[in-house]
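K.L.:
File follows, work.cif with mmCIF, C-alpha atoms:
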```cif
data_entry
loop_
_atom_site.label_atom_id
_atom_site.label_comp_id
_atom_site.auth_asym_id
_atom_site.auth_seq_id
_atom_site.Cartn_x
_atom_site.Cartn_y
_atom_site.Cartn_z
CA MET A 1 -213.28 -43.50 53.80
CA ILE A 2 -215.88 -43.88 51.05
CA ASP A 3 -219.47 -43.28 52.08
CA VAL A 4 -221.56 -46.37 51.31
CA LYS A 5 -224.73 -44.41 50.52
CA ARG A 6 -222.84 -42.40 47.91
CA LEU A 7 -221.42 -45.63 46.52
CA VAL A 8 -224.99 -46.91 46.06
CA ILE A 9 -225.82 -43.75 44.11
CA LEU A 10 -222.88 -44.43 41.80
CA ARG A 11 -224.03 -48.04 41.34
CA ASP A 12 -227.53 -46.90 40.45
CA LEU A 13 -226.14 -44.37 37.99
CA ALA A 14 -224.14 -47.14 36.33
CA GLU A 15 -227.30 -49.25 36.05
CA TYR A 16 -229.86 -46.65 34.99
CA GLY A 17 -227.67 -44.13 33.21
CA LYS A 18 -229.52 -40.93 34.13
CA VAL A 19 -229.19 -38.66 37.13
CA SER A 20 -232.93 -37.89 37.01
CA ILE A 21 -233.84 -41.58 37.32
CA VAL A 22 -231.41 -42.08 40.21
CA ALA A 23 -232.84 -38.98 41.90
CA GLY A 24 -236.32 -40.48 41.62
CA LEU A 25 -235.15 -43.78 43.10
CA HIS A 26 -233.66 -42.00 46.11
CA GLY A 27 -236.45 -39.46 46.51
CA VAL A 28 -234.22 -36.40 46.11
CA THR A 29 -233.51 -33.77 43.46
CA SER A 30 -231.07 -34.21 40.60
CA SER A 31 -228.89 -31.46 42.04
CA ALA A 32 -228.67 -33.39 45.32
CA ILE A 33 -227.48 -36.47 43.43
CA SER A 34 -224.87 -34.38 41.63
CA GLN A 35 -223.65 -33.01 44.97
CA GLN A 36 -223.32 -36.53 46.36
CA LEU A 37 -221.35 -37.63 43.30
CA ARG A 38 -218.95 -34.70 43.69
CA ALA A 39 -218.48 -35.61 47.35
CA LEU A 40 -217.81 -39.23 46.35
CA GLU A 41 -215.18 -38.06 43.86
CA ALA A 42 -213.45 -36.16 46.67
CA GLU A 43 -213.52 -39.26 48.88
CA ALA A 44 -212.18 -41.48 46.08
CA ASP A 45 -209.70 -38.82 44.91
CA ALA A 46 -210.65 -39.57 41.30
CA ALA A 47 -212.97 -38.31 38.57
CA LEU A 48 -215.90 -40.74 38.49
CA VAL A 49 -218.33 -39.17 36.00
CA TYR A 50 -218.23 -36.83 33.05
CA ARG A 51 -220.78 -34.97 30.97
CA GLU A 52 -221.67 -36.31 27.52
CA GLY A 53 -224.36 -34.34 25.74
CA ARG A 54 -227.25 -34.02 28.17
CA GLY A 55 -226.31 -37.13 30.08
CA VAL A 56 -223.63 -38.35 32.45
CA GLN A 57 -221.21 -41.20 31.82
CA LEU A 58 -218.94 -43.04 34.22
CA THR A 59 -215.18 -42.79 33.82
CA ALA A 60 -213.03 -45.93 33.97
CA ALA A 61 -212.49 -45.19 37.68
CA GLY A 62 -216.22 -44.68 38.19
CA SER A 63 -217.06 -47.99 36.48
CA ALA A 64 -214.44 -49.83 38.53
CA LEU A 65 -215.77 -48.37 41.77
CA ALA A 66 -219.40 -49.07 40.86
CA ALA A 67 -218.51 -52.70 40.08
CA GLU A 68 -217.19 -53.11 43.62
CA CYS A 69 -220.35 -51.73 45.18
CA GLU A 70 -222.22 -55.06 45.26
CA HIS A 71 -219.28 -56.75 47.01
CA VAL A 72 -219.22 -54.03 49.64
CA LEU A 73 -222.98 -54.19 50.20
CA ALA A 74 -222.92 -58.00 50.41
CA ALA A 75 -220.16 -57.84 53.03
CA LEU A 76 -222.19 -55.36 55.09
CA GLU A 77 -225.27 -57.60 54.82
CA ARG A 78 -223.23 -60.59 56.02
CA ALA A 79 -221.89 -58.55 58.93
CA GLU A 80 -225.42 -57.62 60.00
CA GLY A 81 -226.49 -61.25 59.63
CA ALA A 82 -223.63 -62.36 61.89
CA VAL A 83 -224.86 -60.00 64.60
CA ARG A 84 -228.49 -61.06 64.22
CA ALA A 85 -227.46 -64.73 64.37
CA LEU A 86 -226.54 -64.21 68.03
CA ASP A 87 -230.22 -63.59 68.78
CA ASP A 88 -232.39 -66.72 68.61
CA ASP A 89 -235.61 -64.71 68.46
CA LEU A 90 -237.08 -64.70 64.95
CA SER A 91 -239.48 -61.78 65.02
CA GLY A 92 -240.42 -58.59 63.23
CA GLU A 93 -241.85 -57.58 59.88
CA LEU A 94 -240.78 -59.49 56.77
CA SER A 95 -241.56 -57.89 53.41
CA ILE A 96 -241.97 -60.49 50.66
CA GLY A 97 -242.46 -59.50 47.04
CA CYS A 98 -244.27 -61.96 44.83
CA ALA A 99 -245.01 -62.21 41.13
CA PRO A 100 -248.79 -62.25 40.57
CA SER A 101 -248.73 -65.75 39.06
CA ALA A 102 -247.15 -67.19 42.23
CA LEU A 103 -249.42 -65.56 44.83
CA THR A 104 -251.76 -68.53 45.21
CA SER A 105 -249.31 -71.41 44.87
CA VAL A 106 -246.22 -69.98 46.58
CA ALA A 107 -246.91 -66.88 48.68
CA ALA A 108 -250.04 -68.13 50.46
CA PRO A 109 -248.51 -71.47 51.59
CA LEU A 110 -245.32 -69.65 52.62
CA VAL A 111 -247.18 -67.19 54.85
CA ALA A 112 -249.15 -70.03 56.44
CA ALA A 113 -246.00 -72.08 57.11
CA LEU A 114 -244.12 -69.10 58.56
CA ALA A 115 -247.03 -68.33 60.89
CA ALA A 116 -246.98 -71.91 62.19
CA LEU A 117 -243.21 -72.23 62.58
CA HIS A 118 -242.21 -68.68 63.52
CA PRO A 119 -245.20 -66.88 65.07
CA GLY A 120 -243.04 -63.87 65.94
CA LEU A 121 -242.60 -63.01 62.27
CA ARG A 122 -245.05 -60.71 60.53
CA PRO A 123 -244.79 -61.54 56.82
CA LYS A 124 -246.19 -58.91 54.46
CA ILE A 125 -246.87 -59.90 50.85
CA ILE A 126 -246.41 -57.23 48.18
CA GLN A 127 -247.44 -58.09 44.63
CA ALA A 128 -244.73 -57.07 42.16
CA GLU A 129 -243.48 -58.20 38.78
CA PRO A 130 -239.83 -59.36 38.77
CA GLU A 131 -238.34 -56.16 37.31
CA ASP A 132 -240.14 -53.99 39.90
CA ALA A 133 -239.42 -56.39 42.74
CA VAL A 134 -235.67 -56.37 42.06
CA LEU A 135 -235.59 -52.59 42.34
CA MET A 136 -237.59 -52.73 45.59
CA LEU A 137 -235.25 -55.42 46.90
CA LYS A 138 -232.16 -53.32 46.20
CA GLN A 139 -233.80 -50.29 47.77
CA HIS A 140 -234.56 -52.35 50.92
CA SER A 141 -238.31 -52.03 50.42
CA LEU A 142 -238.39 -55.85 50.23
CA ASP A 143 -236.47 -58.47 52.17
CA LEU A 144 -237.11 -61.30 49.72
CA THR A 145 -239.03 -61.76 46.50
CA VAL A 146 -240.56 -64.76 44.75
CA SER A 147 -239.68 -64.29 41.11
CA TYR A 148 -239.23 -66.21 37.85
CA ARG A 149 -236.94 -66.44 34.85
CA TYR A 150 -237.66 -67.97 31.44
CA HIS A 151 -234.99 -70.38 30.23
CA LEU A 152 -235.24 -69.37 26.57
CA LEU A 153 -234.62 -65.70 27.33
CA GLY A 154 -231.29 -66.55 28.94
CA THR A 155 -231.64 -64.02 31.74
CA LYS A 156 -229.41 -64.31 34.81
CA PRO A 157 -230.10 -63.26 38.40
CA PRO A 158 -229.72 -59.48 38.66
CA SER A 159 -226.44 -58.16 40.00
CA GLY A 160 -226.37 -57.80 43.76
CA THR A 161 -228.89 -60.61 44.27
CA THR A 162 -228.70 -64.31 45.04
CA ALA A 163 -231.27 -66.70 43.57
CA VAL A 164 -232.51 -69.87 45.25
CA GLU A 165 -234.30 -72.13 42.79
CA LEU A 166 -237.65 -73.43 44.02
CA PHE A 167 -239.25 -75.39 41.18
CA HIS A 168 -239.86 -75.61 37.44
CA ASP A 169 -243.05 -74.17 35.96
CA PRO A 170 -243.81 -75.45 32.43
CA LEU A 171 -245.69 -73.47 29.80
CA ARG A 172 -249.16 -74.46 28.66
CA LEU A 173 -251.23 -73.70 25.58
CA ALA A 174 -254.83 -72.69 26.33
CA VAL A 175 -257.33 -73.10 23.46
CA PRO A 176 -261.09 -73.51 23.15
CA GLU A 177 -262.08 -77.15 23.62
CA HIS A 178 -263.18 -77.53 19.99
CA LEU A 179 -259.59 -76.86 18.87
CA ARG A 180 -257.99 -79.55 21.02
CA GLU A 181 -257.86 -82.25 18.33
CA ALA A 182 -256.67 -79.89 15.57
CA VAL A 183 -253.78 -78.67 17.71
CA GLY A 184 -252.94 -82.25 18.63
CA ARG A 185 -252.73 -83.23 14.95
CA GLU A 186 -251.11 -80.14 13.39
CA GLY A 187 -249.37 -78.34 16.26
CA LEU A 188 -249.23 -74.67 17.11
CA GLY A 189 -249.27 -73.59 13.46
CA VAL A 190 -252.98 -74.37 13.21
CA LEU A 191 -253.58 -71.29 15.38
CA ARG A 192 -251.87 -68.81 13.06
CA ASP A 193 -255.14 -67.04 12.16
CA ARG A 194 -256.54 -66.98 15.69
CA ALA A 195 -256.71 -63.97 17.99
CA TRP A 196 -254.16 -64.20 20.81
CA ILE A 197 -254.19 -62.96 24.41
CA SER A 198 -251.04 -61.77 26.16
CA ALA A 199 -249.70 -59.49 28.85
CA PRO A 200 -249.13 -55.85 27.82
CA GLU A 201 -245.63 -54.79 26.79
CA PRO A 202 -243.03 -54.96 28.19
CA SER A 203 -243.46 -58.51 29.46
CA SER A 204 -241.30 -61.63 29.43
CA CYS A 205 -244.52 -63.70 29.19
CA ARG A 206 -245.36 -61.84 25.99
CA GLU A 207 -241.83 -62.37 24.64
CA ILE A 208 -242.13 -66.12 25.22
CA LEU A 209 -245.53 -66.27 23.48
CA LEU A 210 -244.19 -64.44 20.44
CA HIS A 211 -241.09 -66.63 20.40
CA ALA A 212 -243.15 -69.85 20.45
CA CYS A 213 -245.34 -68.65 17.58
CA ARG A 214 -242.35 -67.56 15.50
CA ASN A 215 -240.86 -71.03 15.98
CA ALA A 216 -244.11 -72.43 14.59
CA GLY A 217 -243.76 -70.25 11.49
CA PHE A 218 -246.09 -67.33 12.12
CA THR A 219 -246.46 -64.04 13.98
CA ALA A 220 -249.12 -64.07 16.68
CA ARG A 221 -251.95 -61.58 16.17
CA ILE A 222 -252.30 -60.25 19.73
CA GLU A 223 -255.72 -58.65 20.02
CA HIS A 224 -256.25 -58.82 23.76
CA ASN A 225 -253.96 -57.49 26.51
CA CYS A 226 -254.50 -58.69 30.08
CA ASP A 227 -252.47 -57.77 33.16
CA ASP A 228 -254.20 -60.61 35.01
CA LEU A 229 -253.26 -63.53 32.80
CA ARG A 230 -255.37 -65.99 34.80
CA SER A 231 -258.45 -64.11 33.60
CA ALA A 232 -257.36 -64.80 30.02
CA LEU A 233 -258.70 -68.35 30.44
CA SER A 234 -262.24 -66.99 30.66
CA LEU A 235 -261.75 -65.29 27.30
CA VAL A 236 -260.35 -68.52 25.84
CA ALA A 237 -263.47 -70.33 27.07
CA THR A 238 -265.64 -68.11 24.86
CA GLY A 239 -264.00 -69.73 21.84
CA LEU A 240 -262.74 -66.39 20.50
CA ALA A 241 -259.04 -66.43 21.46
CA VAL A 242 -256.05 -68.54 22.48
CA THR A 243 -253.01 -67.97 24.67
CA ILE A 244 -249.84 -69.40 26.20
CA LEU A 245 -249.59 -69.27 29.98
CA PRO A 246 -247.34 -70.48 32.80
CA GLY A 247 -248.60 -73.73 34.25
CA LEU A 248 -249.23 -72.10 37.64
CA LEU A 249 -252.09 -70.13 36.08
CA CYS A 250 -253.79 -73.13 34.48
CA ASP A 251 -254.73 -75.21 37.52
CA ALA A 252 -258.47 -74.48 37.38
CA PRO A 253 -259.49 -73.69 33.77
CA PRO A 254 -263.14 -72.81 33.10
CA ALA A 255 -265.37 -75.21 31.19
CA GLY A 256 -264.77 -75.09 27.47
CA THR A 257 -261.00 -74.57 27.81
CA ALA A 258 -258.40 -77.16 26.80
CA ILE A 259 -254.97 -76.93 28.48
CA LEU A 260 -252.24 -78.54 26.35
CA PRO A 261 -248.49 -79.10 26.91
CA LEU A 262 -245.79 -77.20 25.05
CA PRO A 263 -242.23 -78.35 24.31
CA ASP A 264 -240.84 -75.02 25.50
CA PRO A 265 -238.72 -75.48 28.68
CA GLY A 266 -240.82 -72.97 30.63
CA ARG A 267 -239.53 -70.97 33.56
CA THR A 268 -237.88 -71.31 36.94
CA ILE A 269 -239.66 -70.07 40.05
CA GLU A 270 -237.07 -68.79 42.50
CA ALA A 271 -236.56 -66.77 45.63
CA LEU A 272 -234.33 -63.70 45.28
CA VAL A 273 -232.54 -62.00 48.16
CA ARG A 274 -229.89 -59.32 48.39
CA SER A 275 -226.48 -60.98 48.22
CA GLY A 276 -225.10 -61.39 51.70
CA THR A 277 -228.48 -61.64 53.45
CA GLU A 278 -228.68 -65.43 53.06
CA SER A 279 -227.12 -65.82 56.52
CA HIS A 280 -229.51 -63.40 58.22
CA PRO A 281 -231.59 -65.64 60.53
CA VAL A 282 -234.97 -64.39 59.30
CA ILE A 283 -234.00 -64.65 55.62
CA ALA A 284 -232.36 -68.04 56.14
CA ALA A 285 -235.48 -69.35 57.90
CA THR A 286 -237.73 -68.03 55.12
CA LEU A 287 -235.57 -69.60 52.41
CA ALA A 288 -235.58 -72.90 54.31
CA VAL A 289 -239.37 -72.91 54.50
CA SER A 290 -239.66 -71.92 50.83
CA THR A 291 -237.41 -74.72 49.62
CA ARG A 292 -239.13 -77.26 51.88
CA LEU A 293 -242.54 -76.31 50.48
CA ALA A 294 -241.17 -76.49 46.94
CA LYS A 295 -239.92 -80.04 47.51
CA LYS A 296 -243.37 -81.07 48.72
CA ARG A 297 -245.04 -79.88 45.54
CA PRO A 298 -246.49 -82.72 43.49
CA PRO A 299 -244.58 -83.46 40.26
CA THR A 300 -245.80 -81.57 37.23
CA THR A 301 -247.74 -83.79 34.85
CA PRO A 302 -248.92 -82.93 31.34
CA PRO A 303 -252.58 -81.86 31.17
CA MET A 304 -255.13 -84.28 29.79
#
```
Let me see the structure of the file written as C-alpha cells.
P.N.:
Amino acid sequence: MIDVKRLVILRDLAEYGKVSIVAGLHGVTSSAISQQLRALEAEADAALVYREGRGVQLTAAGSALAAECEHVLAALERAEGAVRALDDDLSGELSIGCAPSALTSVAAPLVAALAALHPGLRPKIIQAEPEDAVLMLKQHSLDLTVSYRYHLLGTKPPSGTTAVELFHDPLRLAVPEHLREAVGREGLGVLRDRAWISAPEPSSCREILLHACRNAGFTARIEHNCDDLRSALSLVATGLAVTILPGLLCDAPPAGTAILPLPDPGRTIEALVRSGTESHPVIAATLAVSTRLAKKRPPTTPPM
C-alpha cells in the first residue's frame, strides 16, 4: 500500500523540481525527503526519481504516479466530507486566505455573514497573494482562499484545486485629474512619458499593466513600486504618476484622481478550495455564503 504522505512529497517534487524546496515545504531535511522517496519506490516497486547533475528528475513511472496524487487526495477529502456531513453542527476554526485587494469587499462581508448564519464557526482571515495562498491551501494551512485570475494571462486553476467564480473585477486607469480629457481624446498612448506605479516583481498586476501599455505602443516607465496598490492612488493624486489598478481598489479615490475605464477584460475573483472538499459541510456552507454575497453585489458601472 502506498503511503499518502510520501505520495504528496512526490507530487511536490514534480511541481517544484528540487529536493531542497520540498524539504522546506515539509519542514524537514533534504536527506529525510530522499529517505521518504526511497521508501515510496519500495512501496511502488518502481524507480521514481533519478539524479541529473545536481538535481533530481522524475522517471516515467514517477511522473505517472505524481499525476495520480491529486485524484487520490481529492477522494480522501470527499471521504472525510461524507463523514462530516453526518454531523449537522457547523463549528470550529475556518482558515480563509484572501488576496489583499479583496479584503475589504469580499473577506469582511464574508466573515460578518458567517458569524450571523453559523455562529459556531471561527473564521480566521489570512492575507496572502494567490501564489502563496495556493501553496498554503495544498499544505492544509488554509481551508479556502479568495483569489483572482487575469483573463489575458490565460492562467487556469492550479492542479489539485477547484475554483468557484464569484464575480468579475474590471481594470481601471488612474490618472491625475488634469489628464482626464487628454486620455479621453488620445487614449493610453498619451501617458507614454509619464511615471508609472506598479506592484513589485513578480506580480500578475504588473504583467497586466505592462501588457496594456505595450498594446498602446509603448513600454511603461515604472518608477514607483507599491505592495499596497490602494496607496498608489495617493501618489496619483499628487499629479506625478499614473497606474492601472483592479476596480476593487478604486472605490474611494482621493481628490485630484480620475478613475477611467479600460477595454481590458480584467480579472475574475474566485474562491479556491482543495479538490474534493466542496462537499465538506463547513466548506460547502462557506462557498454558499460567498456566492450569495457575490450575487448581491451591485453591477459594475464605468467610472464617471
K.L.:
Record the distance separating atom CA of Asp169 of chain A and atom CA of Ile269 of chain A, expressed in Å with one decimal.
P.N.:
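So the answer is 6.7 Å.
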K.L.:
Which polymer residues, protein or nucleic acid, are no farther than 12 Å from (-264.7, -64.8, 14.9), counting all atoms listed in the file, as an NGL selection string?
P.N.:
:A and (193-195 or 238-241)
K.L.:
May I ask which of the residues A:Asn225, A:Ser91, A:Ser105, A:Thr286 is the closest one to Glu201 of chain A, counting only C-alpha atoms?
P.N.:
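Ranked by minimum distance to Glu201 of chain A, first place goes to A:Asn225.
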K.L.:
Return the single residue from A:Gly184, A:Pro170, A:Gly189, A:Gly62 that is closest to Leu249 of chain A, with distances computed using all atoms listed in the file.
P.N.:
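Nearest candidate to Leu249 of chain A out of A:Gly184, A:Pro170, A:Gly189, A:Gly62: A:Pro170.
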K.L.:
When the PyMOL selection byres ((chain A and resi 206-218) around 9) is applied to the structure above, which residues does it catch, written out as a compact mmCIF listing (two decimals) with C-alpha atoms, in the coordinates of the input?
P.N.:
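Everything below was put into selection-v9.txt:
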```txt
# COMPACT_ATOMS: atom_id res chain seq x y z
CA TYR A 150 -237.66 -67.97 31.44
CA LEU A 152 -235.24 -69.37 26.57
CA LEU A 153 -234.62 -65.70 27.33
CA GLY A 187 -249.37 -78.34 16.26
CA LEU A 188 -249.23 -74.67 17.11
CA GLY A 189 -249.27 -73.59 13.46
CA LEU A 191 -253.58 -71.29 15.38
CA ARG A 192 -251.87 -68.81 13.06
CA SER A 198 -251.04 -61.77 26.16
CA ALA A 199 -249.70 -59.49 28.85
CA PRO A 200 -249.13 -55.85 27.82
CA GLU A 201 -245.63 -54.79 26.79
CA PRO A 202 -243.03 -54.96 28.19
CA SER A 203 -243.46 -58.51 29.46
CA SER A 204 -241.30 -61.63 29.43
CA CYS A 205 -244.52 -63.70 29.19
CA THR A 219 -246.46 -64.04 13.98
CA ALA A 220 -249.12 -64.07 16.68
CA THR A 243 -253.01 -67.97 24.67
CA ILE A 244 -249.84 -69.40 26.20
CA LEU A 245 -249.59 -69.27 29.98
CA ASP A 264 -240.84 -75.02 25.50
CA GLY A 266 -240.82 -72.97 30.63
```
K.L.:
Please tell me which residues are no farther than 10 Å from (-223.7, -69.1, 56.4) in the file, counting all atoms listed in the file, and write them as a short mmCIF file (atom, residue, chain, number, x, y, z; two decimals) with C-alpha atoms, in the coordinates of the input.
P.N.:
```cif
data_model
loop_
_atom_site.label_atom_id
_atom_site.label_comp_id
_atom_site.auth_asym_id
_atom_site.auth_seq_id
_atom_site.Cartn_x
_atom_site.Cartn_y
_atom_site.Cartn_z
CA ARG A 78 -223.23 -60.59 56.02
CA GLY A 81 -226.49 -61.25 59.63
CA ALA A 82 -223.63 -62.36 61.89
CA ALA A 85 -227.46 -64.73 64.37
CA GLY A 276 -225.10 -61.39 51.70
CA THR A 277 -228.48 -61.64 53.45
CA GLU A 278 -228.68 -65.43 53.06
CA SER A 279 -227.12 -65.82 56.52
CA HIS A 280 -229.51 -63.40 58.22
CA PRO A 281 -231.59 -65.64 60.53
CA ALA A 284 -232.36 -68.04 56.14
#
```
K.L.:
Which residues fall under the PyMOL selection byres ((chain A and resi 24-30) around 10) in this file, as a list in words?
P.N.:
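Checked against the file, the PyMOL selection byres ((chain A and resi 24-30) around 10) matches Val8, Ile9, Asp12, Lys18, Val19, Ser20, Ile21, Val22, Ala23, Ser31, Ala32, Ile33, Ser34, Gln35, Gln36, Leu135, Met136 and Gln139 of chain A.
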K.L.:
Using C-alpha atoms, can you write the selected residues to a file as a compact mmCIF listing (two decimals), in the coordinates of the input?
P.N.:
```
# COMPACT_ATOMS: atom_id res chain seq x y z
CA VAL A 8 -224.99 -46.91 46.06
CA ILE A 9 -225.82 -43.75 44.11
CA ASP A 12 -227.53 -46.90 40.45
CA LYS A 18 -229.52 -40.93 34.13
CA VAL A 19 -229.19 -38.66 37.13
CA SER A 20 -232.93 -37.89 37.01
CA ILE A 21 -233.84 -41.58 37.32
CA VAL A 22 -231.41 -42.08 40.21
CA ALA A 23 -232.84 -38.98 41.90
CA SER A 31 -228.89 -31.46 42.04
CA ALA A 32 -228.67 -33.39 45.32
CA ILE A 33 -227.48 -36.47 43.43
CA SER A 34 -224.87 -34.38 41.63
CA GLN A 35 -223.65 -33.01 44.97
CA GLN A 36 -223.32 -36.53 46.36
CA LEU A 135 -235.59 -52.59 42.34
CA MET A 136 -237.59 -52.73 45.59
CA GLN A 139 -233.80 -50.29 47.77
```
K.L.:
If we count all atoms listed in the file and set the cut-off at 10 Å, which residues sit around Val111 of chain A, ignoring sequence neighbours fewer than 5 positions away in its own chain? Please answer as a PyMOL selection string.
P.N.:
chain A and resi 96+106+116+121-125+286+289-290
K.L.:
Fewer than 3 positions away in the same chain doesn't count, so skip those; otherwise give me all residues within 10 Å of Gly256 of chain A, counting all atoms listed in the file, as number ranges by chain.
P.N.:
A: 175-178, 233-234, 236-239, 253
K.L.:
Kindly give the distance, in Å, that separates atom CA of Leu103 of chain A and atom CA of Gln127 of chain A, rounded to a single decimal.
P.N.:
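One can read the atom CA of Leu103 of chain A to atom CA of Gln127 of chain A distance as 7.7 Å.
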K.L.:
If you measure from atom CA of Pro254 of chain A to atom CA of Asp227 of chain A, what distance in Å do you get, rounded to one decimal?
P.N.:
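That distance, rounded to one decimal, is 18.4 Å.
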K.L.:
Once you add 5 Å to each side, what are the centre and edge lengths of the axis-aligned box holding all listed atoms of segment 225-234 of chain A? One decimal in Å, as JSON, if you can.
P.N.:
```
{"center_x": -257.4, "center_y": -62.9, "center_z": 30.8, "size_x": 19.8, "size_y": 20.9, "size_z": 18.5}
```
